[in-house]
$ cat target-v3.cif   # mmCIF, C-alpha atoms
data_model
loop_
_atom_site.label_atom_id
_atom_site.label_comp_id
_atom_site.auth_asym_id
_atom_site.auth_seq_id
_atom_site.Cartn_x
_atom_site.Cartn_y
_atom_site.Cartn_z
CA MET A 1 105.39 5.23 -57.98
CA ASN A 2 102.66 7.34 -59.53
CA PHE A 3 102.81 11.09 -60.01
CA LYS A 4 100.63 11.89 -56.97
CA SER A 5 102.83 9.79 -54.69
CA LYS A 6 105.95 11.51 -55.99
CA ILE A 7 104.43 14.92 -55.30
CA LEU A 8 103.36 13.82 -51.81
CA ARG A 9 106.82 12.44 -51.04
CA PHE A 10 108.45 15.65 -52.27
CA LEU A 11 106.18 17.74 -50.07
CA LEU A 12 106.82 15.55 -47.04
CA GLN A 13 110.58 15.63 -47.56
CA THR A 14 110.54 19.39 -48.00
CA PHE A 15 108.43 19.87 -44.90
CA SER A 16 110.64 17.53 -42.86
CA LEU A 17 113.80 19.43 -43.81
CA SER A 18 112.19 22.74 -42.91
CA ALA A 19 111.04 21.32 -39.61
CA VAL A 20 114.53 20.13 -38.68
CA LEU A 21 116.08 23.48 -39.53
CA PHE A 22 113.35 25.28 -37.68
CA VAL A 23 113.62 23.09 -34.62
CA PHE A 24 117.26 23.92 -34.18
CA GLN A 25 117.14 27.56 -35.10
CA ALA A 26 118.42 29.63 -32.21
CA CYS A 27 115.92 31.48 -30.08
CA TYR A 28 116.98 32.24 -26.53
CA GLY A 29 120.76 32.16 -26.50
CA THR A 30 123.08 31.73 -29.42
CA PRO A 31 122.95 30.69 -33.06
CA GLN A 32 123.57 27.08 -34.07
CA ASP A 33 127.18 25.89 -34.20
CA PHE A 34 128.51 25.53 -37.78
CA GLU A 35 130.12 22.22 -36.73
CA GLN A 36 133.16 22.99 -38.86
CA ASP A 37 136.00 22.15 -36.53
CA LEU A 38 138.36 19.30 -35.88
CA GLN A 39 140.11 18.31 -32.69
CA ILE A 40 143.85 17.93 -32.35
CA GLU A 41 145.35 16.36 -29.26
CA GLY A 42 148.89 15.29 -28.62
CA THR A 43 151.79 14.84 -26.28
CA VAL A 44 155.25 16.42 -26.53
CA VAL A 45 158.18 14.47 -25.08
CA ASP A 46 161.95 14.83 -24.83
CA ARG A 47 163.39 12.56 -27.55
CA SER A 48 166.44 11.78 -25.40
CA ASN A 49 164.54 10.23 -22.50
CA GLY A 50 160.85 10.09 -23.42
CA LEU A 51 159.78 12.39 -20.60
CA PRO A 52 156.96 14.88 -21.17
CA ILE A 53 157.87 18.55 -21.66
CA PHE A 54 155.91 21.30 -19.97
CA GLY A 55 155.37 24.76 -21.49
CA ILE A 56 156.04 24.06 -25.16
CA LYS A 57 154.18 26.53 -27.39
CA VAL A 58 152.16 24.78 -30.08
CA GLN A 59 151.23 27.15 -32.90
CA LEU A 60 148.84 26.34 -35.68
CA GLY A 61 150.58 27.33 -38.92
CA GLY A 62 149.18 30.31 -40.80
CA THR A 63 146.94 31.37 -37.91
CA LEU A 64 147.13 33.22 -34.63
CA GLN A 65 145.97 30.12 -32.77
CA TYR A 66 148.29 28.58 -30.22
CA THR A 67 148.36 26.69 -26.95
CA TYR A 68 150.93 25.35 -24.49
CA THR A 69 151.66 21.86 -23.24
CA ASP A 70 150.66 21.05 -19.66
CA SER A 71 152.78 19.34 -17.00
CA LEU A 72 152.22 15.97 -18.68
CA GLY A 73 153.30 17.34 -22.07
CA ARG A 74 149.72 17.25 -23.35
CA PHE A 75 148.09 19.82 -25.62
CA TYR A 76 144.77 20.10 -27.38
CA MET A 77 143.01 22.51 -29.68
CA TYR A 78 140.03 22.65 -31.95
CA GLN A 79 140.60 24.26 -35.30
CA TYR A 80 138.80 25.04 -38.53
CA ASN A 81 138.38 21.86 -40.54
CA ASN A 82 139.23 22.48 -44.18
CA HIS A 83 140.12 18.80 -44.70
CA SER A 84 143.70 19.60 -45.62
CA ASP A 85 147.11 19.08 -44.05
CA ILE A 86 147.75 20.66 -40.67
CA VAL A 87 150.94 22.59 -39.96
CA LEU A 88 152.03 22.72 -36.33
CA GLN A 89 155.02 24.62 -34.99
CA PHE A 90 156.52 23.57 -31.64
CA SER A 91 158.82 25.98 -29.84
CA ASP A 92 160.38 26.14 -26.40
CA VAL A 93 159.56 29.64 -25.26
CA ASP A 94 160.08 29.42 -21.51
CA SER A 95 163.30 29.55 -19.53
CA LEU A 96 165.95 26.84 -19.35
CA GLU A 97 164.36 25.53 -16.17
CA ASN A 98 162.90 22.39 -17.74
CA GLY A 99 165.46 21.93 -20.47
CA HIS A 100 165.94 23.66 -23.80
CA PHE A 101 164.67 22.14 -27.03
CA LEU A 102 165.03 22.77 -30.74
CA PRO A 103 161.94 24.09 -32.52
CA LEU A 104 160.02 21.78 -34.82
CA ASP A 105 157.75 22.55 -37.77
CA THR A 106 155.68 19.63 -38.89
CA SER A 107 152.94 19.02 -41.43
CA ILE A 108 150.38 16.34 -40.62
CA GLN A 109 148.16 14.78 -43.21
CA TYR A 110 144.47 15.24 -42.49
CA SER A 111 142.84 11.94 -41.63
CA SER A 112 139.72 12.57 -39.54
CA PRO A 113 137.96 15.22 -37.40
CA TYR A 114 139.91 13.88 -34.42
CA MET A 115 143.69 13.56 -34.65
CA ASN A 116 146.16 12.47 -32.00
CA ILE A 117 149.69 13.70 -32.64
CA PRO A 118 152.69 12.43 -30.65
CA VAL A 119 155.73 14.72 -30.90
CA ALA A 120 159.34 14.29 -29.79
CA LEU A 121 161.64 17.31 -29.53
CA ASP A 122 165.43 17.21 -29.65
CA PRO A 123 167.34 18.83 -26.78
CA LYS A 124 169.40 21.84 -27.81
CA MET B 1 128.60 25.54 -9.21
CA LEU B 2 131.42 23.09 -9.52
CA LEU B 3 132.11 21.87 -13.05
CA GLU B 4 131.87 18.25 -11.92
CA ASP B 5 128.31 18.85 -10.68
CA PHE B 6 127.22 20.12 -14.08
CA LEU B 7 129.04 17.34 -15.92
CA LYS B 8 126.87 14.83 -14.08
CA VAL B 9 123.89 16.47 -15.78
CA LEU B 10 125.52 15.99 -19.18
CA ASP B 11 126.30 12.37 -18.36
CA ASP B 12 122.61 11.97 -17.50
CA ILE B 13 121.55 13.54 -20.82
CA ASN B 14 124.08 11.30 -22.57
CA SER B 15 121.62 8.43 -22.11
CA VAL B 16 119.66 9.85 -25.09
CA ARG B 17 120.70 11.15 -28.51
CA HIS B 18 122.31 14.52 -28.04
CA GLU B 19 124.33 15.30 -31.16
CA GLN B 20 122.26 18.39 -31.91
CA ILE B 21 122.24 19.79 -28.39
CA ILE B 22 124.15 22.99 -27.74
CA VAL B 23 125.16 23.77 -24.18
CA ASN B 24 124.85 27.52 -23.92
CA LEU B 25 126.91 29.04 -21.12
CA THR B 26 125.28 32.26 -20.11
CA GLY B 27 125.10 34.33 -16.98
CA GLY B 28 125.55 36.89 -15.64
CA GLU B 29 128.76 36.89 -17.59
CA PRO B 30 130.28 33.48 -18.38
CA LEU B 31 133.79 34.87 -18.93
CA LEU B 32 134.02 35.71 -15.23
CA ARG B 33 134.40 32.00 -14.67
CA PRO B 34 138.14 31.22 -14.63
CA ASP B 35 137.66 27.62 -15.77
CA ILE B 36 135.42 28.45 -18.72
CA GLU B 37 137.78 26.74 -21.20
CA GLN B 38 137.91 23.61 -19.06
CA CYS B 39 134.10 23.65 -18.92
CA GLY B 40 133.94 23.89 -22.71
CA TYR B 41 136.51 21.18 -23.30
CA GLU B 42 134.72 18.74 -20.98
CA ILE B 43 131.41 19.53 -22.68
CA ARG B 44 132.94 18.69 -26.08
CA LYS B 45 134.47 15.49 -24.69
CA ARG B 46 130.95 14.34 -23.86
CA GLY B 47 129.77 14.88 -27.43
CA PHE B 48 127.95 18.19 -26.95
CA ARG B 49 128.68 21.50 -28.60
CA TRP B 50 128.87 24.71 -26.64
CA SER B 51 128.48 28.44 -26.93
CA ILE B 52 128.45 31.58 -24.81
CA VAL B 53 126.39 34.71 -24.39
CA THR B 54 128.78 37.51 -23.42
CA ASN B 55 129.01 41.27 -23.00
CA GLY B 56 132.53 41.04 -24.45
CA PHE B 57 134.19 42.94 -21.59
CA TYR B 58 136.70 40.18 -20.92
CA TYR B 59 136.85 38.89 -24.48
CA THR B 60 140.50 39.64 -25.27
CA ALA B 61 142.55 38.22 -28.14
CA GLU B 62 144.08 35.68 -25.73
CA LYS B 63 140.65 34.68 -24.41
CA HIS B 64 139.37 34.29 -27.96
CA VAL B 65 142.18 31.88 -28.79
CA SER B 66 141.71 29.82 -25.64
CA LEU B 67 137.94 29.59 -26.15
CA MET B 68 138.38 28.50 -29.75
CA ASN B 69 141.00 25.97 -28.63
CA ALA B 70 138.38 24.56 -26.27
CA GLY B 71 135.93 24.02 -29.11
CA MET B 72 133.55 26.94 -28.79
CA GLY B 73 131.34 26.95 -31.88
CA ALA B 74 128.87 29.79 -31.44
CA ALA B 75 128.45 33.01 -29.49
CA THR B 76 126.13 35.89 -28.92
CA LEU B 77 127.56 39.31 -28.10
CA SER B 78 125.64 42.20 -26.54
CA ILE B 79 126.08 45.63 -28.13
CA ASP B 80 123.31 47.94 -27.02
CA GLY B 81 123.96 50.98 -29.15
CA LEU B 82 126.82 53.20 -30.23
CA GLU B 83 129.29 54.27 -27.58
CA ASP B 84 127.15 56.61 -25.47
CA GLU B 85 124.03 54.44 -25.45
CA HIS B 86 125.90 51.20 -24.89
CA ASN B 87 128.04 52.56 -22.06
CA TRP B 88 124.97 54.14 -20.44
CA LEU B 89 123.15 50.81 -20.33
CA ARG B 90 126.26 48.89 -19.24
CA ASN B 91 127.22 51.60 -16.75
CA ASN B 92 130.88 51.48 -17.72
CA PRO B 93 132.81 53.91 -19.98
CA LEU B 94 134.98 51.08 -21.36
CA SER B 95 132.23 48.65 -22.28
CA PHE B 96 131.60 49.72 -25.87
CA ASN B 97 135.24 49.59 -27.00
CA LYS B 98 135.70 46.19 -25.40
CA ALA B 99 132.53 44.82 -26.97
CA VAL B 100 133.58 46.11 -30.41
CA GLU B 101 136.99 44.48 -30.03
CA ALA B 102 135.21 41.22 -29.20
CA MET B 103 133.02 41.59 -32.27
CA ARG B 104 136.06 42.06 -34.51
CA LEU B 105 137.73 38.96 -33.08
CA MET B 106 134.59 36.88 -33.54
CA ASN B 107 134.00 38.23 -37.02
CA ARG B 108 137.40 37.01 -38.21
CA GLU B 109 136.72 33.44 -37.12
CA LYS B 110 135.40 31.26 -39.95
CA ARG B 111 134.15 28.44 -37.74
CA LEU B 112 132.40 30.60 -35.16
CA ASN B 113 128.73 31.32 -35.78
CA PHE B 114 127.86 34.45 -33.84
CA ASP B 115 125.39 37.25 -33.73
CA VAL B 116 125.11 40.58 -31.98
CA VAL B 117 122.06 41.30 -29.84
CA THR B 118 120.82 44.74 -28.99
CA CYS B 119 118.38 45.54 -26.21
CA VAL B 120 116.34 48.37 -27.64
CA ASN B 121 115.32 51.02 -25.13
CA GLN B 122 114.49 54.72 -24.87
CA LYS B 123 118.14 55.74 -25.31
CA ASN B 124 118.88 53.85 -28.51
CA ILE B 125 115.54 53.50 -30.32
CA ASN B 126 116.24 56.61 -32.40
CA HIS B 127 119.84 55.62 -33.18
CA LEU B 128 119.22 52.23 -34.76
CA GLU B 129 120.02 53.51 -38.26
CA SER B 130 123.45 54.72 -37.10
CA LEU B 131 124.06 51.44 -35.34
CA PHE B 132 123.08 49.55 -38.47
CA LYS B 133 125.57 51.56 -40.54
CA PHE B 134 128.29 50.86 -37.99
CA PHE B 135 127.59 47.12 -38.06
CA LYS B 136 127.50 47.18 -41.86
CA GLU B 137 130.93 48.83 -41.99
CA GLU B 138 132.23 46.23 -39.54
CA GLY B 139 130.96 43.41 -41.76
CA LEU B 140 128.58 41.99 -39.16
CA LYS B 141 126.57 39.10 -40.53
CA ALA B 142 123.76 38.68 -37.98
CA TRP B 143 121.96 41.11 -35.71
CA ARG B 144 119.11 40.32 -33.31
CA LEU B 145 117.07 43.03 -31.64
CA PHE B 146 115.31 42.60 -28.33
CA THR B 147 112.98 44.63 -26.25
CA ILE B 148 113.77 44.50 -22.54
CA ALA B 149 111.27 42.41 -20.62
CA PRO B 150 109.72 44.32 -17.71
CA ILE B 151 111.01 41.82 -15.19
CA GLY B 152 113.68 41.98 -12.50
CA ARG B 153 115.38 45.35 -12.13
CA ALA B 154 114.12 46.45 -15.55
CA LYS B 155 110.48 46.59 -14.50
CA ASP B 156 110.94 49.76 -12.47
CA ASN B 157 113.02 51.67 -15.01
CA PRO B 158 110.86 53.43 -17.64
CA GLU B 159 113.92 54.29 -19.75
CA LEU B 160 114.32 50.61 -20.53
CA GLN B 161 110.77 50.06 -21.80
CA LEU B 162 109.39 50.99 -25.22
CA THR B 163 105.95 52.41 -25.85
CA GLY B 164 103.57 50.68 -28.23
CA GLU B 165 104.45 53.26 -30.87
CA GLN B 166 108.17 52.60 -30.41
CA ILE B 167 107.66 48.85 -30.70
CA ASN B 168 105.94 49.59 -34.00
CA GLN B 169 108.93 51.76 -34.98
CA LEU B 170 111.35 48.95 -34.09
CA TRP B 171 109.44 46.34 -36.08
CA ASN B 172 109.20 48.63 -39.12
CA PHE B 173 112.94 49.25 -38.89
CA ILE B 174 113.58 45.50 -38.94
CA ILE B 175 111.22 44.98 -41.89
CA GLN B 176 112.96 47.75 -43.84
CA LYS B 177 116.44 46.40 -43.12
CA LYS B 178 115.52 42.83 -43.95
CA LYS B 179 114.64 44.08 -47.44
CA GLU B 180 118.14 45.53 -47.83
CA SER B 181 119.67 42.06 -47.18
CA VAL B 182 122.93 43.50 -45.82
CA MET B 183 122.94 41.14 -42.86
CA GLU B 184 120.59 38.73 -41.15
CA ILE B 185 118.37 40.85 -38.97
CA ASN B 186 115.67 39.51 -36.70
CA PHE B 187 113.44 40.39 -33.82
CA SER B 188 114.04 38.17 -30.81
CA CYS B 189 111.85 35.42 -29.40
CA GLU B 190 110.27 38.03 -27.15
CA ALA B 191 106.82 38.16 -28.68
CA TRP B 192 104.34 37.24 -31.35
CA ALA B 193 103.83 40.21 -33.64
CA GLY B 194 100.46 39.50 -35.21
CA PRO B 195 100.32 40.10 -38.98
CA LEU B 196 103.94 41.32 -38.97
CA ASP B 197 105.29 38.16 -37.39
CA GLY B 198 106.66 36.53 -40.55
CA LYS B 199 108.25 39.82 -41.56
CA ILE B 200 110.32 40.65 -38.49
CA ARG B 201 112.06 37.32 -38.08
CA ASP B 202 113.12 34.32 -40.15
CA GLY B 203 110.34 31.88 -39.33
CA PHE B 204 107.43 32.52 -37.04
CA PHE B 205 107.19 33.12 -33.32
CA PHE B 206 107.50 29.98 -31.23
CA CYS B 207 108.48 30.06 -27.57
CA ARG B 208 110.76 27.05 -27.19
CA ALA B 209 111.05 27.25 -23.39
CA GLY B 210 110.83 23.75 -21.98
CA ILE B 211 110.25 22.28 -25.44
CA HIS B 212 113.71 22.63 -26.95
CA ILE B 213 115.35 24.51 -24.10
CA GLY B 214 116.12 23.34 -20.59
CA SER B 215 118.30 25.18 -18.11
CA VAL B 216 120.39 24.49 -15.07
CA LEU B 217 120.84 27.61 -12.96
CA ILE B 218 123.79 28.41 -10.73
CA ASP B 219 122.08 26.92 -7.65
CA GLY B 220 121.24 23.72 -9.54
CA SER B 221 117.62 24.65 -10.28
CA ILE B 222 116.13 22.98 -13.35
CA GLY B 223 113.77 24.99 -15.50
CA ALA B 224 113.20 26.12 -19.07
CA CYS B 225 114.86 29.42 -20.05
CA PRO B 226 116.92 31.01 -17.26
CA ASN B 227 114.95 34.28 -17.36
CA ILE B 228 111.66 32.59 -16.48
CA ASP B 229 110.06 33.31 -13.10
CA ARG B 230 111.84 31.11 -10.55
CA ARG B 231 108.52 29.85 -9.21
CA PHE B 232 108.25 27.76 -12.40
CA ILE B 233 111.39 25.78 -11.44
CA GLN B 234 110.70 22.05 -11.63
CA GLY B 235 113.63 20.45 -9.83
CA ASN B 236 117.25 20.71 -8.77
CA ILE B 237 120.25 18.75 -9.96
CA TYR B 238 121.40 18.25 -6.36
CA LYS B 239 118.36 16.12 -5.59
CA ASP B 240 116.80 15.18 -8.97
CA HIS B 241 117.94 13.57 -12.20
CA PHE B 242 117.80 16.13 -14.98
CA MET B 243 116.28 13.72 -17.51
CA GLU B 244 113.54 12.63 -15.10
CA VAL B 245 112.56 16.26 -14.60
CA TRP B 246 112.80 16.94 -18.33
CA ASN B 247 110.64 13.93 -19.18
CA GLN B 248 108.12 14.04 -16.36
CA LYS B 249 107.80 17.55 -14.98
CA PHE B 250 107.85 19.87 -17.98
CA ASP B 251 104.16 19.57 -18.95
CA LEU B 252 103.52 23.07 -17.71
CA TYR B 253 105.97 24.40 -20.29
CA ARG B 254 104.75 22.17 -23.11
CA ASN B 255 100.99 22.38 -22.78
CA ARG B 256 100.22 26.09 -22.83
CA ASN B 257 96.42 25.79 -22.71
CA TRP B 258 96.50 27.14 -19.14
CA MET B 259 97.63 30.47 -20.61
CA LYS B 260 94.32 30.92 -22.42
CA GLN B 261 92.85 33.13 -19.75
CA GLY B 262 92.75 36.85 -18.94
CA ILE B 263 93.50 38.98 -22.00
CA CYS B 264 94.43 35.85 -23.94
CA LYS B 265 91.08 34.12 -23.37
CA ASP B 266 89.26 35.60 -26.33
CA CYS B 267 92.27 36.77 -28.33
CA ASP B 268 92.15 35.82 -32.01
CA GLY B 269 95.92 35.47 -32.00
CA PHE B 270 96.16 32.72 -29.40
CA LYS B 271 96.33 29.90 -31.92
CA ASP B 272 99.52 31.46 -33.34
CA CYS B 273 101.01 32.94 -30.19
CA GLN B 274 100.11 30.17 -27.71
CA GLY B 275 100.24 32.59 -24.84
CA GLY B 276 103.45 34.31 -25.88
CA ALA B 277 106.94 34.12 -24.40
CA PHE B 278 107.08 32.09 -21.21
CA HIS B 279 109.35 34.57 -19.44
CA LEU B 280 106.53 37.10 -19.56
CA ARG B 281 104.34 34.88 -17.38
CA LYS B 282 103.95 34.81 -13.61
CA PRO B 283 102.39 31.94 -11.70
CA GLY B 284 98.89 32.79 -10.50
CA CYS B 285 98.46 35.71 -12.92
CA GLU B 286 95.89 35.46 -15.69
CA ASP B 287 97.60 37.93 -18.00
CA PRO B 288 101.12 38.03 -19.39
CA ILE B 289 103.31 40.78 -17.95
CA PHE B 290 103.24 42.48 -21.33
CA CYS B 291 101.66 41.67 -24.67
CA HIS B 292 103.57 43.25 -27.53
CA PHE B 293 100.69 42.58 -29.89
CA LYS B 294 97.97 44.12 -27.74
CA GLY B 295 100.26 46.77 -26.28
CA ARG B 296 101.27 47.85 -29.71
CA ARG B 297 97.71 47.68 -31.02
CA ALA B 298 96.39 49.72 -28.14
CA LYS B 299 99.07 52.40 -28.06
CA GLY B 300 100.59 52.39 -31.52
#

$ encode --input "target-v3.cif" --output "structure tokens"
Amino acid sequence: MNFKSKILRFLLQTFSLSAVLFVFQACYGTPQDFEQDLQIEGTVVDRSNGLPIFGIKVQLGGTLQYTYTDSLGRFYMYQYNNHSDIVLQFSDVDSLENGHFLPLDTSIQYSSPYMNIPVALDPK
Amino acid sequence: MLLEDFLKVLDDINSVRHEQIIVNLTGGEPLLRPDIEQCGYEIRKRGFRWSIVTNGFYYTAEKHVSLMNAGMGAATLSIDGLEDEHNWLRNNPLSFNKAVEAMRLMNREKRLNFDVVTCVNQKNINHLESLFKFFKEEGLKAWRLFTIAPIGRAKDNPELQLTGEQINQLWNFIIQKKKESVMEINFSCEAWAGPLDGKIRDGFFFCRAGIHIGSVLIDGSIGACPNIDRRFIQGNIYKDHFMEVWNQKFDLYRNRNWMKQGICKDCDGFKDCQGGAFHLRKPGCEDPIFCHFKGRRAKG
């Protein structure tokens, strides 16, 4: 490739990158998403019988982020993706109505931007 | 609108590449919707990203967590001045404190890209320096300043409109603050600014309505930006396929040659401004509702 072609290719590549950034720059509405999150989903069950547990608090370690399991024991959350291990804390914070379970702290090795985490809690 | 009705639109759009599309939930106020997190989660499940434009009134710590859990990635928050000016415009004595609390929550979130927007008007135009200092102390990273379009209820309220001289004052303020590089600061997509255009925003003016932006309104109407005159609506999700409308009925938004009439006909700036912001157009009218460039030039 001669010098002129290299210059032309450089200019084209530079222009193309600018165009892409410009195209998606926010105008009406909001800025562009950083796209820096990962999705965690999972199900919490009673280890003694395999049934789902409702109302378990799922706390993301080292943050203020938390959620609760639904009636099928399911939970989900998006969190900041720093490509490192994820610490989740499970605790039974409601009444004794649907059983009483021991808390669980667990560290999960990061594997991809979507992670499915099955969890079994021991009855107290 | 039921969530399932809107999800059909996303499933329709899913027939084309959509990785870079953000679904922006606006309003009114999107946080009034009790299933906002469910909306967001279903949007993410379909491969789109989502964001909100909010006044922050209902943006509590608990709401922040639930929105982030549902995969919200960007937000725009309205703060229209320091306490007196903001509460005057929002007509509520609690609005400012609630909006500031929302800003602090958003500012702490590494994965949330957000900016604050301010509608500049007669009450706050002379307090922008104080507002800038406040935002600087709060560690705000991005601030966008708007003028208020003379449409809807705003058109009959002179306190909401700036004079040509004040528009000049606003633009000079932005130019000065951009030089200080404390935060990203930009004028909105409201108008082309003539020779100052490259100095008041990152990039140049380009009205993306109908080109990069399509909207579904609460009644199912399909148009470009939601603040555009409703007579420009091109379809409705309850009887049309969104993608068919987007592909076949958006020429009016994309070919702006019809705007070269009235005061734009012989304007030297038309090649750069292309008729200006679409929301300042009315069907059947030759002129835009307001031309910042000519208004400023005439009065400033």

$ resolve_selection --input "target-v3.cif" --expression "the PyMOL selection byres ((chain A) within 9 of (chain B))" --output "NGL selection string"
:A and (22-24 or 27-39 or 64-67 or 76-81)

$ residues_around --input "target-v3.cif" --residues "segment 244-249 of chain B" --least-positions-apart "2" --cutoff "8 Å" --atoms "all atoms listed in the file" --output "JSON, numbers by chain"
{"B": [210, 214, 222, 234, 235, 240, 241, 242, 251, 252]}

$ atom_distance --input "target-v3.cif" --atom1 "atom CA of Gly61 of chain A" --atom2 "atom CA of Val87 of chain A"
4.9 Å

$ atom_distance --input "target-v3.cif" --atom1 "atom CA of Trp258 of chain B" --atom2 "atom CA of Gly220 of chain B"
26.8 Å

$ resolve_selection --input "target-v3.cif" --expression "the PyMOL selection byres ((chain A and resi 71) around 10)" --output "ChimeraX atom specification"
/A:52-56,68-70,72-75

$ residues_around --input "target-v3.cif" --residues "Pro123 of chain A" --least-positions-apart "2" --cutoff "9 Å" --atoms "only C-alpha atoms" --output "JSON, numbers by chain"
{"A": [46, 47, 48, 99, 100, 101, 102, 121]}

$ residues_around --input "target-v3.cif" --residues "Ile200 of chain B" --least-positions-apart "5" --cutoff "12 Å" --atoms "all atoms listed in the file" --output "ChimeraX atom specification"
/B:143-146,167-179,184-195,205

$ closest_residue --input "target-v3.cif" --among "B:Leu131, B:Val216, B:Phe250, B:Glu42" --to "Ile237 of chain B" --atoms "only C-alpha atoms"
B:Val216

$ atom_distance --input "target-v3.cif" --atom1 "atom CA of Pro113 of chain A" --atom2 "atom CA of Gln59 of chain A"
18.4 Å

$ residues_around --input "target-v3.cif" --residues "segment 89-103 of chain B" --least-positions-apart "5" --cutoff "7 Å" --atoms "all atoms listed in the file" --output "VMD selection string"
chain B and resid 55 to 57 59 to 60 79 83

$ resolve_selection --input "target-v3.cif" --expression "the PyMOL selection byres ((chain B and resi 166) around 12)" --output "list in words"
Val120, Asn121, Gln122, Lys123, Asn124, Ile125, Asn126, Leu128, Thr147, Leu160, Gln161, Leu162, Thr163, Gly164, Glu165, Ile167, Asn168, Gln169, Leu170, Trp171, Asn172, Phe173, His292, Gly295, Arg296, Arg297, Lys299 and Gly300 of chain B
